[in-house]
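Below: the structure, in structure tokens.
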Amino acid sequence: MSLLTVKGLSQSFIDKTLYEDANFVLNKEDHMGVTGQNGVGKSTLIKILTGEIVPDDGQVKWQKNIKVGYLDQYAKLTPGMTLKAFLKTAFADLFAQEEKLNSLYVEYSEKGDQALLDKAGKIQTHLEEVGFYDIDTAIDQVASGLGLLELGYGKDVSEMSGGQRSKLILAKLLLEKPQVLVLDEPTNYLDVNHIDWLVTYLNDFEGAFIVVSHDYDFLGRITNCIIDIDFGTITRYTGDLKHAMRQKAQDRETYLKAYQNQQRKIAKTEAYIRKNKAGTRAKSARSRQKQLDRMEKLTPPQNNKRAKFDFPYVATASNLLLQTQDLVIGYDRALVKHAFNFSVGGNEKVAVTGFNGIGKTTLLKTLLGKLKPVYGNFELSATAKLAYFKQDLAWPNKNMTPLQYLAECYEKIKPKELRQALARMGLTAQQAMSPLGELSGGEQEKVKLAKMQFEPANILFLDEPTNHLDNETKDALRKAIVNFPGAVIIVSHERDFFRGNWVDKTIDIEKMN
């Protein structure tokens, strides 16, 4: 019996149909990945499956009494609660049983009723069977695997960064051990080592899961089936990701041919009707109109515009744009044991790696002058011109449209040029006029990249620019970086993004501790 059955699912957003009459199932052995370009409705589907959104039409039916765990990025974190205390809330029901057990022992000591002792014995046995007395070990394993131990168990959860918060919520979800996991972009704030740990965890997971991820390297390592959103429907493929993508390409080609043939037939029929609706063949024209009305028309291919852009460049005669000298980074204290001593040449591409929280973003902010060094210094060329891509999705007003946002940032630039920049990022005219808060994570990232098209520079600082982006846009981003005549310092947790031997230098902060 299926754990989840979806029948006749239809959902629209403004005037865009995300899916119509879609059907699929999740079986108990399924490790399911969800794929599709930015904006096709992957995160919306997750919200429908978890009950956060009521679909326009269709049925979503979970098996009765199934325990489903959802990665809720908006879970409330109580100020003053420690990291360890928050993780222990994953076992709240077991701690409640322990309190009941202790109260039964107290009551037994007062009354001597054997029934109380028998009841306590059953609770004791249950707690032992579910591993209650090994909770600290379980917490250590998950916290270590996701890189939370480095923060310290006494860390106040309200003081955590967005990335640390995401990992904490993921850790709690894994500790709860639901029968089904539903994860939306779980690797966005994870580094390579932590992704490897999560891959092992998910492959060993005894239940089923549904995972949305634009990290195809990660998805390919954990899935045995795929549901892909395209052409306004949801298609299920059995097998690994590579097989699914090959089959999708074949299906897409077949569908496009069928759609084009149908469009030609419709155009020919409509021309006949217009020509003969009055005259000796009027009856035949009416008959063909009825045939046309009854025809089940194929959904038009969505306007999957692909990003194609370059970063604007400011020429410089300097061969050396940046030089650090015994640079120590941090806030109140040093984050890294050893000092940074490196240089960045005029056209060098530099990758900064290391686990989350080790100081990658802190290094970038220090070099940008947003943070003061703890010790040492760095020197930028007098002709250096900087541009910075921040990893968060923070907007001054989420009700603003992308066009309004760019217009506010660049008042002197004509609206036509702003629209063209958004279009180069693969955003449609409709998306350019939709509120930022209603766009998918990938579409919001594209707006940030469009903004950089009006920031000429000769050294780019890119902090996790691949988060939320689909594969096609990541390919376009990689090409833009490689083609950029200046220097680039980039932080990314996606090892697959660095393929192709285009990185000239790697700064591995983990090796400096």
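Chain labels A, B, ... are given in the sequence in which chains occur in the structure tokens; within each chain residues are numbered consecutively from 1, and ligands are likewise numbered from 1 in the order shown.
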As a PyMOL selection string, list the residues of stretch 312-443 of chain A assigned to alpha helix (DSSP H) by DSSP on the backbone atoms of this structure. chain A and resi 360-367+402-409+415-424+429-432+441-443
Residues from the last selection, N, CA and C atoms, saved as a JSON list (two decimals), in the first residue's frame:
[["chain", "number", "residue", "atom", "x", "y", "z"],
["A", 360, "LYS", "N", 34.12, 31.39, 6.27],
["A", 360, "LYS", "CA", 34.20, 31.73, 4.84],
["A", 360, "LYS", "C", 33.56, 33.10, 4.57],
["A", 361, "THR", "N", 32.33, 33.29, 5.08],
["A", 361, "THR", "CA", 31.65, 34.57, 4.88],
["A", 361, "THR", "C", 32.36, 35.68, 5.65],
["A", 362, "THR", "N", 32.89, 35.35, 6.82],
["A", 362, "THR", "CA", 33.63, 36.34, 7.61],
["A", 362, "THR", "C", 34.85, 36.83, 6.85],
["A", 363, "LEU", "N", 35.55, 35.92, 6.16],
["A", 363, "LEU", "CA", 36.70, 36.30, 5.34],
["A", 363, "LEU", "C", 36.27, 37.28, 4.25],
["A", 364, "LEU", "N", 35.18, 36.95, 3.54],
["A", 364, "LEU", "CA", 34.71, 37.83, 2.47],
["A", 364, "LEU", "C", 34.34, 39.21, 3.02],
["A", 365, "LYS", "N", 33.62, 39.23, 4.15],
["A", 365, "LYS", "CA", 33.21, 40.51, 4.72],
["A", 365, "LYS", "C", 34.41, 41.34, 5.19],
["A", 366, "THR", "N", 35.44, 40.66, 5.65],
["A", 366, "THR", "CA", 36.65, 41.38, 6.08],
["A", 366, "THR", "C", 37.33, 42.01, 4.87],
["A", 367, "LEU", "N", 37.45, 41.24, 3.79],
["A", 367, "LEU", "CA", 38.11, 41.76, 2.58],
["A", 367, "LEU", "C", 37.28, 42.86, 1.93],
["A", 402, "PRO", "N", 10.53, 42.78, -8.70],
["A", 402, "PRO", "CA", 11.94, 42.89, -9.11],
["A", 402, "PRO", "C", 12.24, 44.18, -9.86],
["A", 403, "LEU", "N", 11.30, 44.59, -10.72],
["A", 403, "LEU", "CA", 11.50, 45.82, -11.49],
["A", 403, "LEU", "C", 11.53, 47.04, -10.56],
["A", 404, "GLN", "N", 10.64, 47.09, -9.59],
["A", 404, "GLN", "CA", 10.62, 48.20, -8.64],
["A", 404, "GLN", "C", 11.90, 48.21, -7.78],
["A", 405, "TYR", "N", 12.34, 47.03, -7.39],
["A", 405, "TYR", "CA", 13.56, 46.91, -6.58],
["A", 405, "TYR", "C", 14.77, 47.45, -7.33],
["A", 406, "LEU", "N", 14.93, 47.03, -8.59],
["A", 406, "LEU", "CA", 16.07, 47.51, -9.38],
["A", 406, "LEU", "C", 15.95, 49.01, -9.65],
["A", 407, "ALA", "N", 14.72, 49.47, -9.89],
["A", 407, "ALA", "CA", 14.51, 50.90, -10.17],
["A", 407, "ALA", "C", 14.88, 51.74, -8.95],
["A", 408, "GLU", "N", 14.62, 51.21, -7.75],
["A", 408, "GLU", "CA", 14.97, 51.93, -6.53],
["A", 408, "GLU", "C", 16.49, 51.94, -6.32],
["A", 409, "CYS", "N", 17.14, 50.85, -6.71],
["A", 409, "CYS", "CA", 18.61, 50.76, -6.57],
["A", 409, "CYS", "C", 19.32, 51.64, -7.60],
["A", 415, "PRO", "N", 13.89, 51.98, -17.34],
["A", 415, "PRO", "CA", 13.16, 50.73, -17.06],
["A", 415, "PRO", "C", 13.40, 49.65, -18.10],
["A", 416, "LYS", "N", 13.57, 50.04, -19.36],
["A", 416, "LYS", "CA", 13.82, 49.06, -20.42],
["A", 416, "LYS", "C", 15.09, 48.27, -20.15],
["A", 417, "GLU", "N", 16.15, 48.96, -19.71],
["A", 417, "GLU", "CA", 17.41, 48.28, -19.42],
["A", 417, "GLU", "C", 17.28, 47.35, -18.22],
["A", 418, "LEU", "N", 16.48, 47.78, -17.23],
["A", 418, "LEU", "CA", 16.26, 46.94, -16.06],
["A", 418, "LEU", "C", 15.51, 45.66, -16.45],
["A", 419, "ARG", "N", 14.50, 45.82, -17.32],
["A", 419, "ARG", "CA", 13.74, 44.65, -17.79],
["A", 419, "ARG", "C", 14.65, 43.70, -18.57],
["A", 420, "GLN", "N", 15.54, 44.27, -19.37],
["A", 420, "GLN", "CA", 16.44, 43.44, -20.17],
["A", 420, "GLN", "C", 17.39, 42.63, -19.27],
["A", 421, "ALA", "N", 17.83, 43.25, -18.18],
["A", 421, "ALA", "CA", 18.72, 42.55, -17.24],
["A", 421, "ALA", "C", 17.99, 41.38, -16.60],
["A", 422, "LEU", "N", 16.73, 41.58, -16.22],
["A", 422, "LEU", "CA", 15.93, 40.50, -15.64],
["A", 422, "LEU", "C", 15.68, 39.40, -16.67],
["A", 423, "ALA", "N", 15.44, 39.81, -17.91],
["A", 423, "ALA", "CA", 15.20, 38.83, -18.98],
["A", 423, "ALA", "C", 16.45, 37.99, -19.24],
["A", 424, "ARG", "N", 17.62, 38.61, -19.17],
["A", 424, "ARG", "CA", 18.87, 37.86, -19.38],
["A", 424, "ARG", "C", 19.06, 36.78, -18.31],
["A", 429, "ALA", "N", 8.35, 38.41, -18.09],
["A", 429, "ALA", "CA", 7.75, 39.72, -17.81],
["A", 429, "ALA", "C", 6.81, 39.62, -16.61],
["A", 430, "GLN", "N", 6.10, 38.50, -16.50],
["A", 430, "GLN", "CA", 5.19, 38.29, -15.37],
["A", 430, "GLN", "C", 5.97, 38.22, -14.05],
["A", 431, "GLN", "N", 7.09, 37.48, -14.06],
["A", 431, "GLN", "CA", 7.90, 37.38, -12.84],
["A", 431, "GLN", "C", 8.51, 38.72, -12.46],
["A", 432, "ALA", "N", 8.87, 39.53, -13.46],
["A", 432, "ALA", "CA", 9.45, 40.84, -13.20],
["A", 432, "ALA", "C", 8.45, 41.77, -12.52],
["A", 441, "GLY", "N", 12.75, 30.65, -4.42],
["A", 441, "GLY", "CA", 14.11, 31.00, -4.00],
["A", 441, "GLY", "C", 15.04, 31.21, -5.18],
["A", 442, "GLY", "N", 14.91, 30.33, -6.20],
["A", 442, "GLY", "CA", 15.76, 30.46, -7.38],
["A", 442, "GLY", "C", 15.49, 31.73, -8.15],
["A", 443, "GLU", "N", 14.21, 32.11, -8.26],
["A", 443, "GLU", "CA", 13.86, 33.34, -8.97],
["A", 443, "GLU", "C", 14.38, 34.57, -8.23]]
List the spatial neighbours of stretch 268-271 of chain A as a PyMOL selection string - criterion: any atom at most 12 Å away, only C-alpha atoms, same-chain residues fewer than 5 positions off excluded. chain A and resi 261-263+276-277+284-293+295
Using only C-alpha atoms, please write the residues we just selected to a file, as a PDB file, in the first residue's frame.
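Contents of selection38.pdb, freshly written:
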ATOM      1  CA  ASN A 261       1.733  18.670 -34.848  1.00  0.00           C
ATOM      2  CA  GLN A 262      -1.448  19.462 -32.924  1.00  0.00           C
ATOM      3  CA  GLN A 263      -0.891  23.200 -33.307  1.00  0.00           C
ATOM      4  CA  ASN A 276     -16.133  28.187 -45.155  1.00  0.00           C
ATOM      5  CA  LYS A 277     -18.316  29.324 -42.241  1.00  0.00           C
ATOM      6  CA  SER A 284     -18.768  21.019 -42.847  1.00  0.00           C
ATOM      7  CA  ALA A 285     -17.194  24.057 -41.137  1.00  0.00           C
ATOM      8  CA  ARG A 286     -19.596  23.728 -38.191  1.00  0.00           C
ATOM      9  CA  SER A 287     -18.748  20.035 -37.909  1.00  0.00           C
ATOM     10  CA  ARG A 288     -15.039  20.793 -37.786  1.00  0.00           C
ATOM     11  CA  GLN A 289     -15.643  23.458 -35.156  1.00  0.00           C
ATOM     12  CA  LYS A 290     -17.325  20.834 -32.974  1.00  0.00           C
ATOM     13  CA  GLN A 291     -14.379  18.500 -33.504  1.00  0.00           C
ATOM     14  CA  LEU A 292     -12.040  21.325 -32.492  1.00  0.00           C
ATOM     15  CA  ASP A 293     -14.080  22.075 -29.365  1.00  0.00           C
ATOM     16  CA  MET A 295     -10.195  18.104 -28.938  1.00  0.00           C
TER      17      MET A 295
END
Near A:Thr44, counting only C-alpha atoms, which residues have an atom at most 10 Å away, once you skip same-chain residues fewer than 4 positions from it, shown as a list in words?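 Listed by chain and then number, they are Gln11, Phe13, Leu18, Gly39, Val40, Ile48, Leu49, Thr50, Glu52, Ile53, Pro55 and Ser440 of chain A.
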So that I have them on file, write out the residues from the current selection with N, CA and C atoms, as an mmCIF file, in the first residue's frame.
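Dumped everything to out_13.cif:
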data_model
loop_
_atom_site.group_PDB
_atom_site.id
_atom_site.type_symbol
_atom_site.label_atom_id
_atom_site.label_comp_id
_atom_site.auth_asym_id
_atom_site.auth_seq_id
_atom_site.Cartn_x
_atom_site.Cartn_y
_atom_site.Cartn_z
ATOM 1 N N GLN A 11 -2.955 23.088 -9.647
ATOM 2 C CA GLN A 11 -2.590 24.288 -8.891
ATOM 3 C C GLN A 11 -2.121 25.364 -9.855
ATOM 4 N N PHE A 13 -0.818 29.632 -10.185
ATOM 5 C CA PHE A 13 -0.250 30.774 -9.476
ATOM 6 C C PHE A 13 -0.410 31.990 -10.362
ATOM 7 N N LEU A 18 0.692 25.638 -12.701
ATOM 8 C CA LEU A 18 1.870 24.880 -12.263
ATOM 9 C C LEU A 18 1.723 23.410 -12.649
ATOM 10 N N GLY A 39 10.779 27.943 -10.373
ATOM 11 C CA GLY A 39 9.467 28.521 -10.595
ATOM 12 C C GLY A 39 8.405 27.577 -11.120
ATOM 13 N N VAL A 40 8.731 26.265 -11.279
ATOM 14 C CA VAL A 40 7.714 25.343 -11.813
ATOM 15 C C VAL A 40 6.755 24.858 -10.729
ATOM 16 N N ILE A 48 1.857 21.795 -0.391
ATOM 17 C CA ILE A 48 0.575 21.106 -0.571
ATOM 18 C C ILE A 48 0.607 19.758 0.140
ATOM 19 N N LEU A 49 1.706 19.026 -0.010
ATOM 20 C CA LEU A 49 1.815 17.696 0.598
ATOM 21 C C LEU A 49 1.789 17.773 2.125
ATOM 22 N N THR A 50 2.326 18.857 2.683
ATOM 23 C CA THR A 50 2.373 18.987 4.144
ATOM 24 C C THR A 50 1.173 19.735 4.707
ATOM 25 N N GLU A 52 0.235 22.822 4.160
ATOM 26 C CA GLU A 52 0.408 24.267 4.348
ATOM 27 C C GLU A 52 -0.417 25.052 3.336
ATOM 28 N N ILE A 53 -0.610 24.458 2.160
ATOM 29 C CA ILE A 53 -1.425 25.070 1.099
ATOM 30 C C ILE A 53 -2.520 24.087 0.694
ATOM 31 N N PRO A 55 -4.735 22.743 -2.233
ATOM 32 C CA PRO A 55 -4.649 22.814 -3.694
ATOM 33 C C PRO A 55 -5.941 23.317 -4.323
ATOM 34 N N SER A 440 9.946 32.129 -6.224
ATOM 35 C CA SER A 440 10.670 31.013 -5.627
ATOM 36 C C SER A 440 12.076 31.478 -5.221
#
What is the distance between atom CA of A:Leu148 and atom CA of A:Tyr70, in Å to one decimal?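 Between atom CA of A:Leu148 and atom CA of A:Tyr70 the gap works out to 19.9 Å.
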Write out as a PyMOL selection string which residues come within 8 Å of stretch 456-468 of chain A when counting only C-alpha atoms, dropping same-chain ones fewer than 4 positions away. chain A and resi 38+185+188+213-214+311-316+321+346+361+364+384-391+441-442+445+452+474+485-494
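Checking A:Leu9, A:Val106, A:Leu83, A:Val350 one by one against A:Gly58, counting only C-alpha atoms, you find the shortest gap at A:Leu9.
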For A:Leu380, list every protein, DNA or RNA residue within 9 Å, evaluated using only C-alpha atoms, and leave out those in the same chain fewer than 2 positions away; present the list as an NGL selection string. :A and (320-324 or 367 or 378 or 382-384)
Find the distance between atom CA of A:Leu4 and atom CA of A:Ser43 and write it in Å to one decimal.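 Taking atom CA of A:Leu4 as the start and atom CA of A:Ser43 as the end point, the length is 17.2 Å.
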